[in-house]
Each structure stands twice: as C-alpha cells, then as structure tokens.
2 protein chains.
Amino acid sequence: MHFSKTTEYAIRVLAYLHRHDETSHSVNVLHQELDLPYKYLTKLMTELVKKGLVNASRGREGGLSLARDAHEIYLCDILEAIGESMEHERCILGFEKCDASNPCALHDQWVKPKELIETMLTTTSLASLLQNRETKL
Amino acid sequence: MHFSKTTEYAIRVLAYLHRHDETSHSVNVLHQELDLPYKYLTKLMTELVKKGLVNASRGREGGLSLARDAHEIYLCDILEAIGESMEHERCILGFEKCDASNPCALHDQWVKPKELIETMLTTTSLASLLQNRETKL
DNA sequence: ATAATATACTACAAAAGAGTAGTAATTATA
DNA sequence: TATAATTACTACTCTTTTGTAGTATATTAT
Ligand code: SF4
Ligand code: SF4
C-alpha cells in the first residue's frame with residue numbers, strides 16, 4: 001500500500017526542481033541534495049526527459065529543469081510517465097476488471113479511499129505541493 | 001499503490017473460509033475455488049496457522065478453518081500476520097519518520113486518504129466483508 | 001583546441017517478491 | 001495395518017524492482 005521507490009524519487013526530484021527553479025541542476029546536485037542513488041537517478045531523469053516532463057541540457061553548465069509549468073504537472077502525470085499510472089484502477093483484490101456491477105468482496109469498503117486517492121493524484125500539481133516551503137523533500 | 005499479491009491472497013482465502021464456514025477446506029480446494037497457485041498457498045496457509053488466524057488439521061478429512069470468530073479478524077490483523085502491517089504508516093515519500101510536525105511535501109494532500117485507508121483496515125472485519133454474499137472472491 | 005562538466009547508453013548485479021518441486025509427517029478410514 | 005488424503009518443511013527457480021559500473025557523447029568556459 002505505497003508508491004514504488006521510483007515514483008517516490010520522481011516526485012521528490014520534480015518537486016525539488018520546481019522549488020529551486022531559478023536555475024537548472026545537475027544529476028549530481030540532485031543526488032546530493034535529495035540523497036538518492038546517483039546512477040539510478042541518471043536513468044530516471046533520462047526517462048523523465050523522454051516523457052517530456054524535464055528539460056536536459058548537456059555539457060558544462062548544463063543540467064535539468066522542468067519542461068512545463070509546475071501548475072500543469074499533476075501527480076498522475078508523474079505516475080503515468082513512470083508507468084504506474086493506472087495502478088489505482090486495478091481491483092484491490094487483484095481481479096482484472098474493476099467493475100462496480102460485479103464487485104469484489106472489498107468493494108464497499110474500498111470505494112471511498114480509492115476516490116480520495118484518485119482525487120489527490122488528479123488535483124495535486126507540483127505547484128500546489130510547494131505552497132509551504134518548509135516541508136521535507 | 002496496491003496490496004502485495006500475498007496480501008490479496010490472504011484476504012481472499014480468509015474471506016472464503018468464513019463464507020463457507022460450515023466445514024473445513026483443504027489447500028487443494030482453496031487452490032481450485034480461488035484459482036491461486038497451489039504451492040504458494042500451502043506456504044501462505046502454514047504461515048497463517050502459525051500466526052493464529054487459521055486452524056489446520058492434518059490427515060484425511062483434514063483441512064483449514066478460521067481459528068477466531070470472523071467478527072474479530074480485521075484487515076489490519078491480516079496485514080500484520082503477513083508483515084505488511086505498518087506499511088500504511090510509512091511516509092508516502094519514503095522518509096523514515098512520519099512526523100506531522102516535520103512533514104514531507106505531500107503531507108497535506110496525503111493525510112485524508114491515509115486516514116480513510118487506516119479506518120478501512122481497522123474497522124473492516126471478515127464478517128462485515130461478507131454482508132453481501134454476491135461479491136467476488 | 002582543450003579540459004571540464006554534463007547527460008545518454010549499455011550491461012550487469014543485488015535484493016525482494018512470486019511461484020515451483022519434491023518429500024516428510026500426520027491422521028481418518030477402509 | 002495399509003492406504004489415501006492432507007498439512008509441514010526445505011530448497012530451488014523465475015520475475016520484477018532497485019541499484020551499480022563503465023563508457024560514449026555533447027556542450028561550454030577558458
Ligand atoms: S472493490 Fe470493486 S470497484 Fe473496487 S477495485 Fe475491487 S472490484 Fe473494483
Ligand atoms: S505526508 Fe507527512 S504525515 Fe504523511 S507520511 Fe509523509 S511525512 Fe508522514
């Protein structure tokens with residue numbers, strides 16, 4: 001009942017890029033600031049670049065920055081870029097079809113939490129995430 | 001953002017045992033009825049027996065049945081028996097300490113879904129799960 | 001040009017989760 | 001007692017996720 005490590009990393013990195021968006025940041029800086037495994041990060045960032053969430057510029061003075069306005073990057077976009085997107089549509093008991101007309105035993109209990117999670121994912125943008133600049137990343 | 005397979009299996013098996021509690025059931029029956037991998041199930045059931053959720057009787061005519069009243073087996077008990085218990089207490093961004101006084105960036109957005117999930121886990125018993133006998137297992 | 005500093009790519013390794021195989025031990029019943 | 005049906009145990013395999021290593025390639029300040 002949690003995000004994958006990769007998802008955690010992605011959210012934290014993107015939030016960091018937004019919080020310090022006056023300039024771009026190298027993978028090495030992100031690695032140090034957020035204490036994430038360096039090599040793993042390079043792969044992840046390459047992926048996020050491909051998916052159009054991040055801009056990368058190479059060479060000396062290069063680095064990474066957000067490709068889109070932080071108001072237009074929602075948590076669900078991040079999950080989708082990583083491939084964990086429709087996880088939350090899966091039936092909580094593992095059935096293929098998540099069908100309210102043929103519900104699983106946990107249906108009634110799961111509907112509300114599921115709704116809230118979905119709301120959180122679809123309405124939380126990177127920008128809204130950082131209203132309070134005192135929070136941990 | 002989901003349960004582990006093992007957790008799914010455990011919930012479904014225990015729910016089945018409750019739904020058909022007039023008798024005990026062999027692993028083979030559970031395997032066929034719920035379409036779960038046989039050998040994997042034997043391991044899981046042995047574990048649930050050790051944890052005191054299930055009674056096992058060996059030999060011919062043996063089988064498995066709930067060890068406690070279904071009204072007293074909550075989802076959180078099942079998670080705990082499997083070792084996924086406090087997963088939902090973990091910080092959603094992966095930090096060790098989940099401390100509201102030193103919150104992570106997702107804190108405000110995560111609090112409500114988290115609460116609902118916790119409520120679901122602590123208040124849903126096997127018995128309440130099967131009010132409606134028409135649901136999938 | 002050159003050196004420094006970046007990202008990009010390929011391949012592999014380690015760890016955890018999920019699943020399989022074979023056998024031993026137990027027990028009701030014929 | 002012999003047999004069949006059952007759980008219990010040990011060890012292995014497969015797959016996915018997570019993490020590491022080394023190298024190639026691009027860019028820019030000097
Ligand atoms: S509880 Fe019902 S609606 Fe919810 S995921 Fe399972 S089958 Fe789908
Ligand atoms: S969001 Fe805040 S309270 Fe929730 S898990 Fe993360 S640190 Fe803990």
# chains A, B, ... in the order shown; residues from 1 in each chain; ligands from 1

$ residues_near_ligand --ligand "ligand 1" --cutoff "8 Å" --atoms "only C-alpha atoms (C1' of nucleotides) and all ligand atoms" --output "ChimeraX atom specification"
/A:89-95,97-100,102-111,114 /B:136

$ select_by_dssp --residues "range 25-137 of chain A" --states "alpha helix (DSSP H)" --output "ChimeraX atom specification"
/A:27-34,38-50,75-82,107-123,126-129

$ calpha_fit_and_write --fixed "chain B" --moving "chain A" --output "compact mmCIF listing (two decimals) with N, CA and C atoms, in the first residue's frame"
# COMPACT_ATOMS: atom_id res chain seq x y z
N MET A 1 0.81 1.52 -5.40
CA MET A 1 -0.36 1.89 -4.60
C MET A 1 -1.35 0.74 -4.55
N HIS A 2 -0.88 -0.34 -3.95
CA HIS A 2 -1.72 -1.54 -3.93
C HIS A 2 -1.22 -2.51 -2.87
N PHE A 3 -2.01 -3.56 -2.60
CA PHE A 3 -1.57 -4.63 -1.72
C PHE A 3 -0.59 -5.53 -2.46
N SER A 4 0.23 -6.24 -1.71
CA SER A 4 1.06 -7.26 -2.34
C SER A 4 0.17 -8.45 -2.71
N LYS A 5 0.65 -9.26 -3.63
CA LYS A 5 -0.09 -10.46 -4.03
C LYS A 5 -0.41 -11.29 -2.80
N THR A 6 0.60 -11.47 -1.96
CA THR A 6 0.42 -12.30 -0.77
C THR A 6 -0.75 -11.79 0.07
N THR A 7 -0.83 -10.49 0.23
CA THR A 7 -1.92 -9.91 1.01
C THR A 7 -3.26 -10.16 0.33
N GLU A 8 -3.31 -9.94 -0.96
CA GLU A 8 -4.54 -10.22 -1.71
C GLU A 8 -4.98 -11.65 -1.46
N TYR A 9 -4.05 -12.58 -1.63
CA TYR A 9 -4.36 -14.00 -1.46
C TYR A 9 -4.90 -14.26 -0.06
N ALA A 10 -4.23 -13.72 0.94
CA ALA A 10 -4.62 -13.98 2.32
C ALA A 10 -6.04 -13.50 2.58
N ILE A 11 -6.34 -12.29 2.15
CA ILE A 11 -7.68 -11.76 2.37
C ILE A 11 -8.73 -12.64 1.70
N ARG A 12 -8.45 -13.02 0.45
CA ARG A 12 -9.43 -13.81 -0.28
C ARG A 12 -9.64 -15.18 0.36
N VAL A 13 -8.55 -15.81 0.77
CA VAL A 13 -8.67 -17.12 1.37
C VAL A 13 -9.45 -17.05 2.68
N LEU A 14 -9.08 -16.11 3.52
CA LEU A 14 -9.76 -16.01 4.81
C LEU A 14 -11.23 -15.68 4.62
N ALA A 15 -11.51 -14.82 3.67
CA ALA A 15 -12.91 -14.49 3.41
C ALA A 15 -13.66 -15.73 2.93
N TYR A 16 -13.00 -16.53 2.11
CA TYR A 16 -13.63 -17.76 1.63
C TYR A 16 -13.91 -18.71 2.78
N LEU A 17 -12.93 -18.86 3.65
CA LEU A 17 -13.10 -19.76 4.80
C LEU A 17 -14.29 -19.32 5.65
N HIS A 18 -14.46 -18.01 5.76
CA HIS A 18 -15.60 -17.52 6.53
C HIS A 18 -16.91 -17.74 5.78
N ARG A 19 -16.90 -17.46 4.53
CA ARG A 19 -18.13 -17.58 3.76
C ARG A 19 -18.64 -19.01 3.72
N HIS A 20 -17.71 -19.96 3.75
CA HIS A 20 -18.10 -21.37 3.74
C HIS A 20 -17.62 -22.04 5.02
N ASP A 21 -18.10 -21.53 6.13
CA ASP A 21 -17.56 -22.00 7.41
C ASP A 21 -18.32 -23.18 8.00
N GLU A 22 -19.20 -23.77 7.21
CA GLU A 22 -19.91 -24.94 7.73
C GLU A 22 -18.95 -26.13 7.85
N THR A 23 -17.85 -26.07 7.10
CA THR A 23 -16.89 -27.17 7.13
C THR A 23 -15.47 -26.62 6.93
N SER A 24 -14.48 -27.52 6.97
CA SER A 24 -13.11 -27.08 6.68
C SER A 24 -12.79 -27.37 5.22
N HIS A 25 -11.70 -26.77 4.74
CA HIS A 25 -11.38 -26.89 3.32
C HIS A 25 -9.90 -27.17 3.14
N SER A 26 -9.58 -28.07 2.25
CA SER A 26 -8.18 -28.39 1.98
C SER A 26 -7.56 -27.30 1.12
N VAL A 27 -6.23 -27.23 1.16
CA VAL A 27 -5.52 -26.27 0.31
C VAL A 27 -5.89 -26.48 -1.14
N ASN A 28 -6.06 -27.75 -1.50
CA ASN A 28 -6.38 -28.07 -2.88
C ASN A 28 -7.70 -27.43 -3.31
N VAL A 29 -8.69 -27.49 -2.42
CA VAL A 29 -9.99 -26.87 -2.72
C VAL A 29 -9.84 -25.37 -2.87
N LEU A 30 -9.15 -24.76 -1.92
CA LEU A 30 -8.94 -23.30 -1.99
C LEU A 30 -8.24 -22.94 -3.29
N HIS A 31 -7.24 -23.72 -3.62
CA HIS A 31 -6.48 -23.52 -4.85
C HIS A 31 -7.40 -23.52 -6.06
N GLN A 32 -8.30 -24.48 -6.10
CA GLN A 32 -9.19 -24.58 -7.25
C GLN A 32 -10.28 -23.51 -7.24
N GLU A 33 -10.89 -23.32 -6.09
CA GLU A 33 -12.01 -22.39 -6.00
C GLU A 33 -11.58 -20.95 -6.25
N LEU A 34 -10.41 -20.59 -5.72
CA LEU A 34 -9.98 -19.19 -5.81
C LEU A 34 -8.93 -18.97 -6.91
N ASP A 35 -8.53 -20.08 -7.55
CA ASP A 35 -7.56 -19.99 -8.63
C ASP A 35 -6.25 -19.34 -8.17
N LEU A 36 -5.70 -19.86 -7.09
CA LEU A 36 -4.42 -19.37 -6.57
C LEU A 36 -3.39 -20.48 -6.71
N PRO A 37 -2.11 -20.12 -6.90
CA PRO A 37 -1.07 -21.15 -7.07
C PRO A 37 -0.98 -22.07 -5.85
N TYR A 38 -1.08 -23.36 -6.10
CA TYR A 38 -1.21 -24.34 -5.04
C TYR A 38 -0.07 -24.32 -4.04
N LYS A 39 1.15 -24.42 -4.54
CA LYS A 39 2.30 -24.52 -3.65
C LYS A 39 2.50 -23.23 -2.85
N TYR A 40 2.25 -22.14 -3.52
CA TYR A 40 2.38 -20.85 -2.85
C TYR A 40 1.39 -20.76 -1.70
N LEU A 41 0.20 -21.29 -1.97
CA LEU A 41 -0.85 -21.27 -0.96
C LEU A 41 -0.47 -22.09 0.27
N THR A 42 0.11 -23.27 0.04
CA THR A 42 0.46 -24.10 1.20
C THR A 42 1.39 -23.33 2.12
N LYS A 43 2.35 -22.65 1.55
CA LYS A 43 3.26 -21.86 2.38
C LYS A 43 2.50 -20.77 3.13
N LEU A 44 1.68 -20.06 2.40
CA LEU A 44 0.93 -18.97 3.01
C LEU A 44 0.06 -19.48 4.15
N MET A 45 -0.63 -20.59 3.92
CA MET A 45 -1.54 -21.11 4.95
C MET A 45 -0.77 -21.57 6.19
N THR A 46 0.37 -22.22 5.97
CA THR A 46 1.21 -22.61 7.10
C THR A 46 1.55 -21.39 7.94
N GLU A 47 1.82 -20.29 7.25
CA GLU A 47 2.15 -19.04 7.94
C GLU A 47 0.95 -18.53 8.74
N LEU A 48 -0.21 -18.56 8.12
CA LEU A 48 -1.41 -18.06 8.80
C LEU A 48 -1.77 -18.93 9.99
N VAL A 49 -1.45 -20.23 9.90
CA VAL A 49 -1.68 -21.12 11.03
C VAL A 49 -0.77 -20.71 12.19
N LYS A 50 0.51 -20.50 11.86
CA LYS A 50 1.47 -20.10 12.89
C LYS A 50 1.04 -18.81 13.57
N LYS A 51 0.47 -17.91 12.78
CA LYS A 51 0.08 -16.61 13.32
C LYS A 51 -1.25 -16.67 14.06
N GLY A 52 -1.87 -17.86 14.08
CA GLY A 52 -3.06 -18.04 14.89
C GLY A 52 -4.35 -17.57 14.25
N LEU A 53 -4.34 -17.34 12.93
CA LEU A 53 -5.58 -16.93 12.28
C LEU A 53 -6.37 -18.12 11.77
N VAL A 54 -5.66 -19.23 11.54
CA VAL A 54 -6.29 -20.38 10.91
C VAL A 54 -5.98 -21.65 11.70
N ASN A 55 -6.96 -22.55 11.77
CA ASN A 55 -6.73 -23.88 12.33
C ASN A 55 -6.52 -24.87 11.21
N ALA A 56 -5.50 -25.74 11.36
CA ALA A 56 -5.25 -26.77 10.36
C ALA A 56 -5.37 -28.13 11.02
N SER A 57 -6.06 -29.05 10.36
CA SER A 57 -6.04 -30.43 10.85
C SER A 57 -5.58 -31.32 9.70
N ARG A 58 -4.62 -32.16 10.03
CA ARG A 58 -4.00 -32.96 8.98
C ARG A 58 -4.76 -34.25 8.72
N GLY A 59 -4.22 -34.99 7.77
CA GLY A 59 -4.75 -36.30 7.47
C GLY A 59 -6.03 -36.25 6.66
N ARG A 60 -6.46 -37.42 6.31
CA ARG A 60 -7.70 -37.57 5.56
C ARG A 60 -8.83 -36.84 6.30
N GLU A 61 -9.65 -36.19 5.54
CA GLU A 61 -10.74 -35.38 6.11
C GLU A 61 -10.26 -34.15 6.86
N GLY A 62 -8.97 -33.88 6.73
CA GLY A 62 -8.43 -32.69 7.38
C GLY A 62 -8.76 -31.45 6.57
N GLY A 63 -8.14 -30.34 6.95
CA GLY A 63 -8.37 -29.11 6.20
C GLY A 63 -8.18 -27.89 7.06
N LEU A 64 -8.58 -26.75 6.50
CA LEU A 64 -8.34 -25.46 7.16
C LEU A 64 -9.65 -24.77 7.50
N SER A 65 -9.63 -24.09 8.62
CA SER A 65 -10.79 -23.28 9.01
C SER A 65 -10.32 -22.11 9.86
N LEU A 66 -11.18 -21.11 10.00
CA LEU A 66 -10.80 -19.95 10.79
C LEU A 66 -10.57 -20.33 12.25
N ALA A 67 -9.56 -19.73 12.85
CA ALA A 67 -9.25 -20.04 14.24
C ALA A 67 -10.01 -19.14 15.21
N ARG A 68 -10.42 -17.97 14.69
CA ARG A 68 -11.12 -17.02 15.55
C ARG A 68 -12.45 -16.64 14.92
N ASP A 69 -13.29 -16.06 15.71
CA ASP A 69 -14.56 -15.55 15.22
C ASP A 69 -14.31 -14.51 14.13
N ALA A 70 -15.03 -14.64 13.05
CA ALA A 70 -14.81 -13.74 11.92
C ALA A 70 -15.06 -12.28 12.29
N HIS A 71 -15.82 -12.06 13.38
CA HIS A 71 -16.05 -10.68 13.81
C HIS A 71 -14.80 -10.09 14.46
N GLU A 72 -13.86 -10.96 14.77
CA GLU A 72 -12.67 -10.49 15.49
C GLU A 72 -11.41 -10.57 14.65
N ILE A 73 -11.58 -10.78 13.35
CA ILE A 73 -10.42 -10.75 12.45
C ILE A 73 -10.57 -9.55 11.53
N TYR A 74 -9.73 -8.55 11.76
CA TYR A 74 -9.79 -7.33 10.96
C TYR A 74 -8.71 -7.36 9.89
N LEU A 75 -8.93 -6.56 8.87
CA LEU A 75 -7.96 -6.51 7.78
C LEU A 75 -6.56 -6.22 8.31
N CYS A 76 -6.47 -5.32 9.28
CA CYS A 76 -5.14 -4.98 9.80
C CYS A 76 -4.49 -6.19 10.47
N ASP A 77 -5.30 -7.09 11.05
CA ASP A 77 -4.73 -8.30 11.63
C ASP A 77 -4.09 -9.16 10.55
N ILE A 78 -4.76 -9.21 9.42
CA ILE A 78 -4.24 -10.01 8.31
C ILE A 78 -2.93 -9.42 7.80
N LEU A 79 -2.93 -8.11 7.59
CA LEU A 79 -1.70 -7.44 7.14
C LEU A 79 -0.57 -7.70 8.13
N GLU A 80 -0.91 -7.62 9.40
CA GLU A 80 0.13 -7.81 10.41
C GLU A 80 0.69 -9.23 10.36
N ALA A 81 -0.20 -10.20 10.19
CA ALA A 81 0.24 -11.59 10.13
C ALA A 81 1.21 -11.82 8.99
N ILE A 82 1.06 -11.02 7.95
CA ILE A 82 1.90 -11.18 6.76
C ILE A 82 3.16 -10.33 6.84
N GLY A 83 3.12 -9.33 7.71
CA GLY A 83 4.30 -8.47 7.85
C GLY A 83 4.21 -7.20 7.05
N GLU A 84 3.03 -6.91 6.54
CA GLU A 84 2.84 -5.69 5.77
C GLU A 84 2.14 -4.64 6.65
N SER A 85 2.09 -4.93 7.91
CA SER A 85 1.25 -4.18 8.82
C SER A 85 1.45 -2.67 8.78
N MET A 86 2.61 -2.23 9.21
CA MET A 86 2.77 -0.81 9.41
C MET A 86 3.20 -0.07 8.14
N GLU A 87 3.08 -0.75 7.03
CA GLU A 87 3.36 -0.11 5.74
C GLU A 87 2.64 1.23 5.63
N HIS A 88 1.39 1.23 6.07
CA HIS A 88 0.59 2.43 5.86
C HIS A 88 0.99 3.55 6.81
N GLU A 89 1.94 3.27 7.67
CA GLU A 89 2.44 4.33 8.54
C GLU A 89 3.67 4.99 7.93
N ARG A 90 4.23 4.33 6.93
CA ARG A 90 5.41 4.88 6.29
C ARG A 90 5.07 6.19 5.61
N CYS A 91 6.03 7.09 5.57
CA CYS A 91 5.81 8.34 4.86
C CYS A 91 5.63 8.03 3.38
N ILE A 92 4.68 8.68 2.77
CA ILE A 92 4.38 8.37 1.37
C ILE A 92 5.52 8.75 0.44
N LEU A 93 6.39 9.65 0.89
CA LEU A 93 7.55 10.01 0.06
C LEU A 93 8.81 9.25 0.45
N GLY A 94 8.66 8.29 1.37
CA GLY A 94 9.77 7.39 1.66
C GLY A 94 10.63 7.76 2.84
N PHE A 95 10.29 8.83 3.54
CA PHE A 95 11.09 9.19 4.70
C PHE A 95 10.81 8.23 5.86
N GLU A 96 11.81 8.09 6.70
CA GLU A 96 11.68 7.16 7.82
C GLU A 96 10.57 7.61 8.77
N LYS A 97 10.78 8.81 9.29
CA LYS A 97 9.82 9.31 10.26
C LYS A 97 8.63 9.95 9.56
N CYS A 98 7.47 9.52 9.97
CA CYS A 98 6.27 10.15 9.46
C CYS A 98 5.79 11.08 10.56
N ASP A 99 6.26 12.31 10.50
CA ASP A 99 6.05 13.22 11.61
C ASP A 99 5.32 14.47 11.13
N ALA A 100 4.14 14.68 11.66
CA ALA A 100 3.31 15.80 11.23
C ALA A 100 3.96 17.15 11.57
N SER A 101 4.87 17.14 12.53
CA SER A 101 5.52 18.40 12.91
C SER A 101 6.72 18.69 12.01
N ASN A 102 7.11 17.69 11.23
CA ASN A 102 8.19 17.89 10.25
C ASN A 102 7.77 17.20 8.97
N PRO A 103 6.73 17.70 8.35
CA PRO A 103 6.04 16.97 7.29
C PRO A 103 6.81 16.99 5.96
N CYS A 104 6.51 15.99 5.14
CA CYS A 104 7.05 15.98 3.79
C CYS A 104 6.14 16.80 2.89
N ALA A 105 6.59 16.99 1.65
CA ALA A 105 5.89 17.90 0.74
C ALA A 105 4.47 17.45 0.43
N LEU A 106 4.22 16.16 0.54
CA LEU A 106 2.89 15.66 0.18
C LEU A 106 1.95 15.58 1.38
N HIS A 107 2.42 15.99 2.52
CA HIS A 107 1.67 15.82 3.75
C HIS A 107 0.19 16.21 3.65
N ASP A 108 -0.06 17.46 3.32
CA ASP A 108 -1.45 17.96 3.33
C ASP A 108 -2.35 17.14 2.42
N GLN A 109 -1.81 16.76 1.28
CA GLN A 109 -2.64 16.02 0.33
C GLN A 109 -2.85 14.57 0.75
N TRP A 110 -1.92 14.04 1.50
CA TRP A 110 -1.95 12.61 1.83
C TRP A 110 -2.74 12.29 3.09
N VAL A 111 -2.86 13.26 3.98
CA VAL A 111 -3.46 12.99 5.29
C VAL A 111 -4.84 12.35 5.19
N LYS A 112 -5.70 12.91 4.37
CA LYS A 112 -7.07 12.38 4.32
C LYS A 112 -7.16 10.98 3.73
N PRO A 113 -6.58 10.74 2.55
CA PRO A 113 -6.61 9.36 2.04
C PRO A 113 -6.04 8.38 3.04
N LYS A 114 -4.95 8.76 3.66
CA LYS A 114 -4.32 7.89 4.64
C LYS A 114 -5.27 7.53 5.78
N GLU A 115 -5.97 8.53 6.24
CA GLU A 115 -6.92 8.29 7.32
C GLU A 115 -7.99 7.29 6.92
N LEU A 116 -8.53 7.49 5.73
CA LEU A 116 -9.58 6.59 5.27
C LEU A 116 -9.08 5.16 5.12
N ILE A 117 -7.88 5.03 4.60
CA ILE A 117 -7.32 3.69 4.45
C ILE A 117 -7.16 3.04 5.82
N GLU A 118 -6.66 3.83 6.74
CA GLU A 118 -6.46 3.28 8.08
C GLU A 118 -7.79 2.87 8.71
N THR A 119 -8.77 3.71 8.53
CA THR A 119 -10.10 3.37 9.05
C THR A 119 -10.60 2.08 8.42
N MET A 120 -10.43 1.98 7.13
CA MET A 120 -10.86 0.77 6.44
C MET A 120 -10.17 -0.46 7.02
N LEU A 121 -8.87 -0.37 7.22
CA LEU A 121 -8.12 -1.53 7.70
C LEU A 121 -8.48 -1.92 9.13
N THR A 122 -8.77 -0.92 9.95
CA THR A 122 -8.99 -1.23 11.37
C THR A 122 -10.45 -1.53 11.70
N THR A 123 -11.37 -1.17 10.81
CA THR A 123 -12.78 -1.40 11.15
C THR A 123 -13.44 -2.47 10.30
N THR A 124 -12.74 -2.95 9.27
CA THR A 124 -13.34 -3.97 8.42
C THR A 124 -12.97 -5.36 8.90
N SER A 125 -13.96 -6.10 9.37
CA SER A 125 -13.71 -7.48 9.80
C SER A 125 -14.11 -8.43 8.68
N LEU A 126 -13.65 -9.64 8.77
CA LEU A 126 -14.04 -10.64 7.77
C LEU A 126 -15.55 -10.76 7.71
N ALA A 127 -16.19 -10.71 8.89
CA ALA A 127 -17.63 -10.84 8.94
C ALA A 127 -18.31 -9.72 8.16
N SER A 128 -17.88 -8.48 8.42
CA SER A 128 -18.52 -7.34 7.75
C SER A 128 -18.26 -7.37 6.25
N LEU A 129 -17.19 -8.04 5.88
CA LEU A 129 -16.81 -8.13 4.47
C LEU A 129 -17.85 -8.89 3.67
N LEU A 130 -18.54 -9.81 4.33
CA LEU A 130 -19.39 -10.72 3.59
C LEU A 130 -20.86 -10.49 3.81
N GLN A 131 -21.23 -9.29 4.21
CA GLN A 131 -22.65 -8.96 4.34
C GLN A 131 -23.36 -9.34 3.05
N ASN A 132 -22.75 -8.92 1.98
CA ASN A 132 -23.33 -9.21 0.68
C ASN A 132 -22.65 -10.43 0.08
N ARG A 133 -23.33 -11.54 0.06
CA ARG A 133 -22.72 -12.80 -0.35
C ARG A 133 -22.57 -12.92 -1.86
N GLU A 134 -22.94 -11.90 -2.58
CA GLU A 134 -22.86 -11.99 -4.03
C GLU A 134 -21.53 -11.50 -4.59
N THR A 135 -20.69 -11.02 -3.72
CA THR A 135 -19.44 -10.43 -4.24
C THR A 135 -18.40 -11.48 -4.61
N LYS A 136 -17.50 -11.04 -5.49
CA LYS A 136 -16.42 -11.91 -5.96
C LYS A 136 -15.41 -12.20 -4.87
N LEU A 137 -14.84 -13.39 -4.92
CA LEU A 137 -13.68 -13.74 -4.11
C LEU A 137 -12.63 -14.40 -5.02

$ interface_residues --of "chain D" --to "chain B" --cutoff "9 Å" --atoms "only C-alpha atoms (C1' of nucleotides)" --output "JSON, numbers by chain"
{"D": [4, 5, 6, 7, 8]}

$ atom_distance --atom1 "C1' of DA2 in chain D" --atom2 "C1' of DA21 in chain C"
26.8 Å

$ atom_distance --atom1 "C1' of DT20 in chain C" --atom2 "C1' of DT18 in chain D"
24.6 Å

$ residues_around --residues "DT30 in chain D" --least-positions-apart "6" --cutoff "10 Å" --atoms "only C-alpha atoms (C1' of nucleotides)" --output "PyMOL selection string"
chain C and resi 2-4

$ write_last_selection --atoms "C-alpha atoms (C1' of nucleotides)" --output "PDB file, in the first residue's frame"
ATOM      1  C1'  DT C   2      41.453  21.521 -24.756  1.00  0.00           C
ATOM      2  C1'  DA C   3      39.771  20.346 -20.441  1.00  0.00           C
ATOM      3  C1'  DA C   4      35.991  20.168 -17.547  1.00  0.00           C
TER       4       DA C   4
END

$ closest_atom_pairs --of "chain C" --to "chain A" --cutoff "9 Å" --atoms "only C-alpha atoms (C1' of nucleotides)" --output "CSV"
residue,atom,partner,partner_atom,distance
C:DA4,C1',A:Arg60,CA,7.0
C:DT5,C1',A:Arg60,CA,4.3
C:DA6,C1',A:Gly59,CA,4.0
C:DT7,C1',A:Arg58,CA,5.3
C:DA8,C1',A:Thr46,CA,7.4

$ atom_distance --atom1 "C1' of DT20 in chain D" --atom2 "C1' of DT10 in chain C"
12.7 Å

$ select_by_dssp --residues "chain A" --states "strand (DSSP E)" --output "NGL selection string"
:A and (54-57 or 63-66)
